[in-house]
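For reference, my_file.cif (mmCIF, C-alpha atoms):
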data_final
#
loop_
_atom_site.group_PDB
_atom_site.id
_atom_site.type_symbol
_atom_site.label_atom_id
_atom_site.label_comp_id
_atom_site.auth_asym_id
_atom_site.auth_seq_id
_atom_site.Cartn_x
_atom_site.Cartn_y
_atom_site.Cartn_z
ATOM 1 C CA MET A 165 -20.378 24.046 -8.235
ATOM 2 C CA SER A 166 -17.950 21.157 -8.060
ATOM 3 C CA ARG A 167 -16.284 20.067 -11.298
ATOM 4 C CA ILE A 168 -16.181 16.479 -10.110
ATOM 5 C CA GLY A 169 -19.763 16.632 -8.833
ATOM 6 C CA ARG A 170 -21.091 17.754 -12.231
ATOM 7 C CA LYS A 171 -19.910 14.583 -14.006
ATOM 8 C CA PRO A 172 -22.615 11.903 -14.248
ATOM 9 C CA ILE A 173 -21.797 8.419 -12.960
ATOM 10 C CA ASP A 174 -22.063 5.810 -15.727
ATOM 11 C CA LEU A 175 -23.818 2.652 -14.559
ATOM 12 C CA PRO A 176 -22.704 -0.694 -16.061
ATOM 13 C CA THR A 177 -25.439 -3.122 -17.121
ATOM 14 C CA GLN A 178 -24.854 -5.535 -14.206
ATOM 15 C CA VAL A 179 -25.229 -2.780 -11.566
ATOM 16 C CA LYS A 180 -28.605 -1.898 -10.051
ATOM 17 C CA VAL A 181 -28.944 1.483 -8.333
ATOM 18 C CA ALA A 182 -31.953 2.477 -6.234
ATOM 19 C CA VAL A 183 -32.435 5.956 -4.786
ATOM 20 C CA SER A 184 -35.127 6.001 -2.116
ATOM 21 C CA GLY A 185 -35.462 9.123 -0.018
ATOM 22 C CA ARG A 186 -32.011 9.954 1.368
ATOM 23 C CA THR A 187 -30.494 6.491 0.709
ATOM 24 C CA VAL A 188 -28.590 5.269 -2.364
ATOM 25 C CA LYS A 189 -28.334 1.477 -2.700
ATOM 26 C CA VAL A 190 -25.941 -0.092 -5.201
ATOM 27 C CA GLU A 191 -26.024 -3.813 -6.009
ATOM 28 C CA GLY A 192 -23.702 -5.731 -8.313
ATOM 29 C CA PRO A 193 -21.938 -9.074 -8.789
ATOM 30 C CA LYS A 194 -19.447 -8.481 -5.921
ATOM 31 C CA GLY A 195 -21.949 -7.318 -3.284
ATOM 32 C CA LYS A 196 -24.342 -4.651 -2.015
ATOM 33 C CA LEU A 197 -23.511 -1.211 -0.618
ATOM 34 C CA SER A 198 -25.612 1.686 0.618
ATOM 35 C CA LEU A 199 -24.974 5.339 1.446
ATOM 36 C CA ASP A 200 -27.108 7.820 3.381
ATOM 37 C CA LEU A 201 -27.078 11.196 1.645
ATOM 38 C CA PRO A 202 -26.728 14.399 3.654
ATOM 39 C CA ALA A 203 -29.567 16.933 3.348
ATOM 40 C CA ALA A 204 -27.388 19.245 1.216
ATOM 41 C CA VAL A 205 -27.082 16.758 -1.683
ATOM 42 C CA GLU A 206 -29.602 15.020 -3.966
ATOM 43 C CA ALA A 207 -29.153 12.044 -6.302
ATOM 44 C CA ALA A 208 -31.312 10.802 -9.182
ATOM 45 C CA VAL A 209 -31.051 7.975 -11.723
ATOM 46 C CA GLU A 210 -31.305 9.269 -15.292
ATOM 47 C CA GLY A 211 -31.322 6.426 -17.820
ATOM 48 C CA LYS A 212 -27.974 4.596 -17.632
ATOM 49 C CA SER A 213 -26.334 7.180 -15.394
ATOM 50 C CA LEU A 214 -26.717 8.690 -11.937
ATOM 51 C CA ALA A 215 -26.601 12.445 -11.363
ATOM 52 C CA VAL A 216 -25.614 14.086 -8.066
ATOM 53 C CA ARG A 217 -26.770 17.663 -7.438
ATOM 54 C CA ALA A 218 -26.212 20.144 -4.648
ATOM 55 C CA ALA A 219 -29.545 21.127 -3.084
ATOM 56 C CA SER A 220 -28.454 24.783 -2.793
ATOM 57 C CA GLU A 221 -25.470 27.036 -3.334
ATOM 58 C CA ALA A 222 -24.601 27.042 0.375
ATOM 59 C CA ARG A 223 -20.981 26.418 1.342
ATOM 60 C CA GLU A 224 -21.779 23.046 2.939
ATOM 61 C CA ALA A 225 -23.702 21.863 -0.133
ATOM 62 C CA ARG A 226 -20.840 22.793 -2.456
ATOM 63 C CA ALA A 227 -18.335 21.075 -0.152
ATOM 64 C CA LEU A 228 -20.313 17.805 -0.052
ATOM 65 C CA HIS A 229 -21.270 17.750 -3.755
ATOM 66 C CA GLY A 230 -18.024 16.312 -5.168
ATOM 67 C CA LEU A 231 -17.423 14.120 -2.105
ATOM 68 C CA ILE A 232 -20.770 12.330 -2.383
ATOM 69 C CA ARG A 233 -20.311 11.856 -6.146
ATOM 70 C CA SER A 234 -16.878 10.259 -5.529
ATOM 71 C CA LEU A 235 -18.258 7.987 -2.791
ATOM 72 C CA ILE A 236 -21.064 6.754 -5.078
ATOM 73 C CA GLN A 237 -18.574 6.241 -7.938
ATOM 74 C CA ASN A 238 -16.398 4.141 -5.579
ATOM 75 C CA MET A 239 -19.476 2.095 -4.640
ATOM 76 C CA VAL A 240 -20.196 1.357 -8.330
ATOM 77 C CA VAL A 241 -16.563 0.357 -8.965
ATOM 78 C CA GLY A 242 -16.542 -1.746 -5.779
ATOM 79 C CA VAL A 243 -19.583 -3.848 -6.664
ATOM 80 C CA THR A 244 -18.286 -4.471 -10.213
ATOM 81 C CA GLN A 245 -14.484 -4.865 -9.841
ATOM 82 C CA GLY A 246 -13.796 -4.698 -6.109
ATOM 83 C CA PHE A 247 -10.821 -3.186 -4.324
ATOM 84 C CA ARG A 248 -7.542 -4.782 -3.248
ATOM 85 C CA LYS A 249 -4.678 -3.875 -0.930
ATOM 86 C CA GLN A 250 -1.527 -5.969 -0.699
ATOM 87 C CA LEU A 251 0.780 -6.139 2.319
ATOM 88 C CA GLU A 252 4.225 -7.684 2.712
ATOM 89 C CA ILE A 253 5.790 -9.006 5.904
ATOM 90 C CA GLU A 254 9.545 -8.739 6.275
ATOM 91 C CA GLY A 255 11.603 -10.164 9.119
ATOM 92 C CA VAL A 256 13.119 -13.451 10.263
ATOM 93 C CA GLY A 257 10.377 -15.730 11.581
ATOM 94 C CA PHE A 258 7.590 -13.284 10.683
ATOM 95 C CA LYS A 259 4.643 -15.006 9.015
ATOM 96 C CA ALA A 260 0.879 -14.946 8.566
ATOM 97 C CA ALA A 261 -1.844 -17.557 8.048
ATOM 98 C CA VAL A 262 -5.626 -17.525 7.709
ATOM 99 C CA GLN A 263 -7.307 -19.791 10.286
ATOM 100 C CA GLY A 264 -11.076 -19.861 9.849
ATOM 101 C CA LYS A 265 -12.386 -16.331 10.435
ATOM 102 C CA ASN A 266 -9.097 -15.044 11.894
ATOM 103 C CA LEU A 267 -5.768 -13.895 10.500
ATOM 104 C CA ASN A 268 -2.944 -15.353 12.617
ATOM 105 C CA LEU A 269 0.149 -13.106 12.615
ATOM 106 C CA SER A 270 3.509 -14.122 14.092
ATOM 107 C CA LEU A 271 5.466 -10.863 14.289
ATOM 108 C CA GLY A 272 8.214 -11.573 16.802
ATOM 109 C CA PHE A 273 6.137 -11.001 19.921
ATOM 110 C CA SER A 274 5.818 -13.594 22.684
ATOM 111 C CA HIS A 275 2.286 -14.393 21.481
ATOM 112 C CA PRO A 276 0.560 -14.737 18.107
ATOM 113 C CA ILE A 277 -1.796 -11.941 17.061
ATOM 114 C CA LEU A 278 -5.293 -13.072 16.067
ATOM 115 C CA PHE A 279 -7.023 -10.486 13.860
ATOM 116 C CA PRO A 280 -10.747 -11.191 13.289
ATOM 117 C CA ILE A 281 -11.639 -10.839 9.591
ATOM 118 C CA PRO A 282 -14.605 -8.444 9.245
ATOM 119 C CA GLU A 283 -17.772 -9.335 7.310
ATOM 120 C CA GLY A 284 -17.465 -8.441 3.605
ATOM 121 C CA ILE A 285 -13.650 -8.718 3.543
ATOM 122 C CA LYS A 286 -11.650 -11.601 2.074
ATOM 123 C CA ILE A 287 -8.045 -12.066 3.216
ATOM 124 C CA SER A 288 -5.648 -14.482 1.537
ATOM 125 C CA VAL A 289 -2.004 -15.261 2.362
ATOM 126 C CA GLU A 290 0.625 -16.413 -0.138
ATOM 127 C CA GLU A 291 4.115 -17.682 0.759
ATOM 128 C CA ASN A 292 3.432 -16.877 4.460
ATOM 129 C CA THR A 293 4.571 -13.271 3.875
ATOM 130 C CA ARG A 294 2.161 -11.721 1.360
ATOM 131 C CA ILE A 295 -1.293 -10.700 2.564
ATOM 132 C CA THR A 296 -4.035 -9.667 0.137
ATOM 133 C CA VAL A 297 -7.131 -7.839 1.405
ATOM 134 C CA ASP A 298 -10.125 -7.877 -1.005
ATOM 135 C CA GLY A 299 -13.584 -6.349 -0.710
ATOM 136 C CA CYS A 300 -16.191 -4.168 -2.387
ATOM 137 C CA ASP A 301 -16.087 -1.271 0.122
ATOM 138 C CA LYS A 302 -12.992 0.880 -0.546
ATOM 139 C CA GLN A 303 -12.987 2.488 2.891
ATOM 140 C CA GLN A 304 -13.309 -0.843 4.709
ATOM 141 C CA VAL A 305 -10.521 -2.489 2.650
ATOM 142 C CA GLY A 306 -8.160 0.408 3.400
ATOM 143 C CA GLU A 307 -9.038 0.403 7.098
ATOM 144 C CA VAL A 308 -8.445 -3.370 7.461
ATOM 145 C CA ALA A 309 -5.079 -3.108 5.662
ATOM 146 C CA ALA A 310 -4.057 -0.179 7.883
ATOM 147 C CA SER A 311 -5.120 -2.104 11.013
ATOM 148 C CA ILE A 312 -2.939 -5.074 10.029
ATOM 149 C CA ARG A 313 0.009 -2.768 9.268
ATOM 150 C CA ARG A 314 -0.422 -1.042 12.656
ATOM 151 C CA PHE A 315 0.500 -4.256 14.532
ATOM 152 C CA TYR A 316 4.179 -3.864 13.500
ATOM 153 C CA PRO A 317 4.912 -0.889 11.219
ATOM 154 C CA PRO A 318 8.214 -1.105 9.323
ATOM 155 C CA GLU A 319 11.125 0.133 11.394
ATOM 156 C CA PRO A 320 13.845 2.271 9.787
ATOM 157 C CA TYR A 321 16.986 0.352 10.850
ATOM 158 C CA LYS A 322 16.496 -3.192 9.541
ATOM 159 C CA GLY A 323 13.238 -2.671 7.633
ATOM 160 C CA LYS A 324 11.380 -5.350 9.613
ATOM 161 C CA GLY A 325 7.607 -5.170 9.870
ATOM 162 C CA VAL A 326 4.390 -5.107 7.865
ATOM 163 C CA ARG A 327 4.358 -2.768 4.866
ATOM 164 C CA TYR A 328 2.203 -2.076 1.827
ATOM 165 C CA ALA A 329 3.409 -3.758 -1.366
ATOM 166 C CA GLY A 330 5.797 -1.401 -3.120
ATOM 167 C CA GLU A 331 6.147 0.932 -0.109
ATOM 168 C CA LYS A 332 9.597 2.486 0.218
ATOM 169 C CA ILE A 333 11.040 2.659 3.726
ATOM 170 C CA ARG A 334 13.672 5.296 4.438
ATOM 171 C CA ARG A 335 16.504 3.467 6.129
ATOM 172 C CA LYS A 336 18.660 5.021 8.854
ATOM 173 C CA GLU A 337 22.316 4.346 9.399
ATOM 174 C CA GLY A 338 23.143 2.525 12.627
ATOM 175 C CA LYS A 339 25.665 3.580 15.231
ATOM 176 C CA THR A 340 29.288 3.644 14.115
ATOM 177 C CA VAL A 341 32.265 2.472 16.132
ATOM 178 C CA GLN A 342 34.963 5.103 16.697
#

Would you kindly transcribe this structure into structure tokens?
Amino acid sequence: MSRIGRKPIDLPTQVKVAVSGRTVKVEGPKGKLSLDLPAAVEAAVEGKSLAVRAASEAREARALHGLIRSLIQNMVVGVTQGFRKQLEIEGVGFKAAVQGKNLNLSLGFSHPILFPIPEGIKISVEENTRITVDGCDKQQVGEVAASIRRFYPPEPYKGKGVRYAGEKIRRKEGKTVQ
């Protein structure tokens, strides 16, 4: 039995959780999320907490037990506090701006990159070089931040590109003249 899976999930007062059949729905001040449970795992609301149990002692059930508990915990945190990823753009002439439902990135290419902002995600830009991605779904926030970073990952010689805030880039030494 999973040590993480055994812990009950505490539910804050502003969060409403509904378990109907194989679906867990979580609703809070920041939004609504739902998760379809696999057949090997069961969930039940017990007072002010939610318990996740493995349906059997099969290998698959034990493997999914802690995972599903962590996913539901992330849903509860997401609808109460939300999740945030911050990106920094470094390079001469590199900048970003939000235009309606698109993020406009100028990353040194011959054309601007228009990234459509997905539903449920809020993107803000400060000082033309700092991008903040906010949302209640942890997986979606991380995927959007990784998609933006993928347009121009930081290169090791000058350090230009899009990086996570606080990310360290290993720099390489350039060619030397003999």

Item to check | Contact residues around segment 242-259 of chain A with all atoms listed in the file at 8 Å, ignoring same-chain residues under 5 positions, as a PyMOL selection string | outcome: chain A and resi 178-179+190-197+269-272+292-302+305-306+309+313+323-329

Item to check | Spatial neighbours of segment 214-218 of chain A, 7 Å, all atoms listed in the file, chain gap at least 6 places, as JSON, numbers by chain | outcome: {"A": [169, 172, 173, 174, 204, 205, 206, 207, 208, 225, 226, 229, 233]}

Based on the selection just made, write C-alpha atoms of those residues as a PDB file, keeping the file's coordinate frame.
ATOM      1  CA  GLY A 169     -19.763  16.632  -8.833  1.00  0.00           C
ATOM      2  CA  PRO A 172     -22.615  11.903 -14.248  1.00  0.00           C
ATOM      3  CA  ILE A 173     -21.797   8.419 -12.960  1.00  0.00           C
ATOM      4  CA  ASP A 174     -22.063   5.810 -15.727  1.00  0.00           C
ATOM      5  CA  ALA A 204     -27.388  19.245   1.216  1.00  0.00           C
ATOM      6  CA  VAL A 205     -27.082  16.758  -1.683  1.00  0.00           C
ATOM      7  CA  GLU A 206     -29.602  15.020  -3.966  1.00  0.00           C
ATOM      8  CA  ALA A 207     -29.153  12.044  -6.302  1.00  0.00           C
ATOM      9  CA  ALA A 208     -31.312  10.802  -9.182  1.00  0.00           C
ATOM     10  CA  ALA A 225     -23.702  21.863  -0.133  1.00  0.00           C
ATOM     11  CA  ARG A 226     -20.840  22.793  -2.456  1.00  0.00           C
ATOM     12  CA  HIS A 229     -21.270  17.750  -3.755  1.00  0.00           C
ATOM     13  CA  ARG A 233     -20.311  11.856  -6.146  1.00  0.00           C
TER      14      ARG A 233
END

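Here atom CA of Glu319 of chain A and atom CA of Phe273 of chain A stand 14.9 Å from one another.
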
Item to check | Answer key for the PyMOL selection byres ((chain A and resi 277) around 10), residues as an MDAnalysis selection string | outcome: chainID A and resid 260 266:271 273:276 278:280 312 315

Checklist entry - Between A:Leu175, A:Pro320, A:Arg314, A:Glu307, which one has atoms that come closest to Glu337 of chain A, using all atoms listed in the file? => result A:Pro320
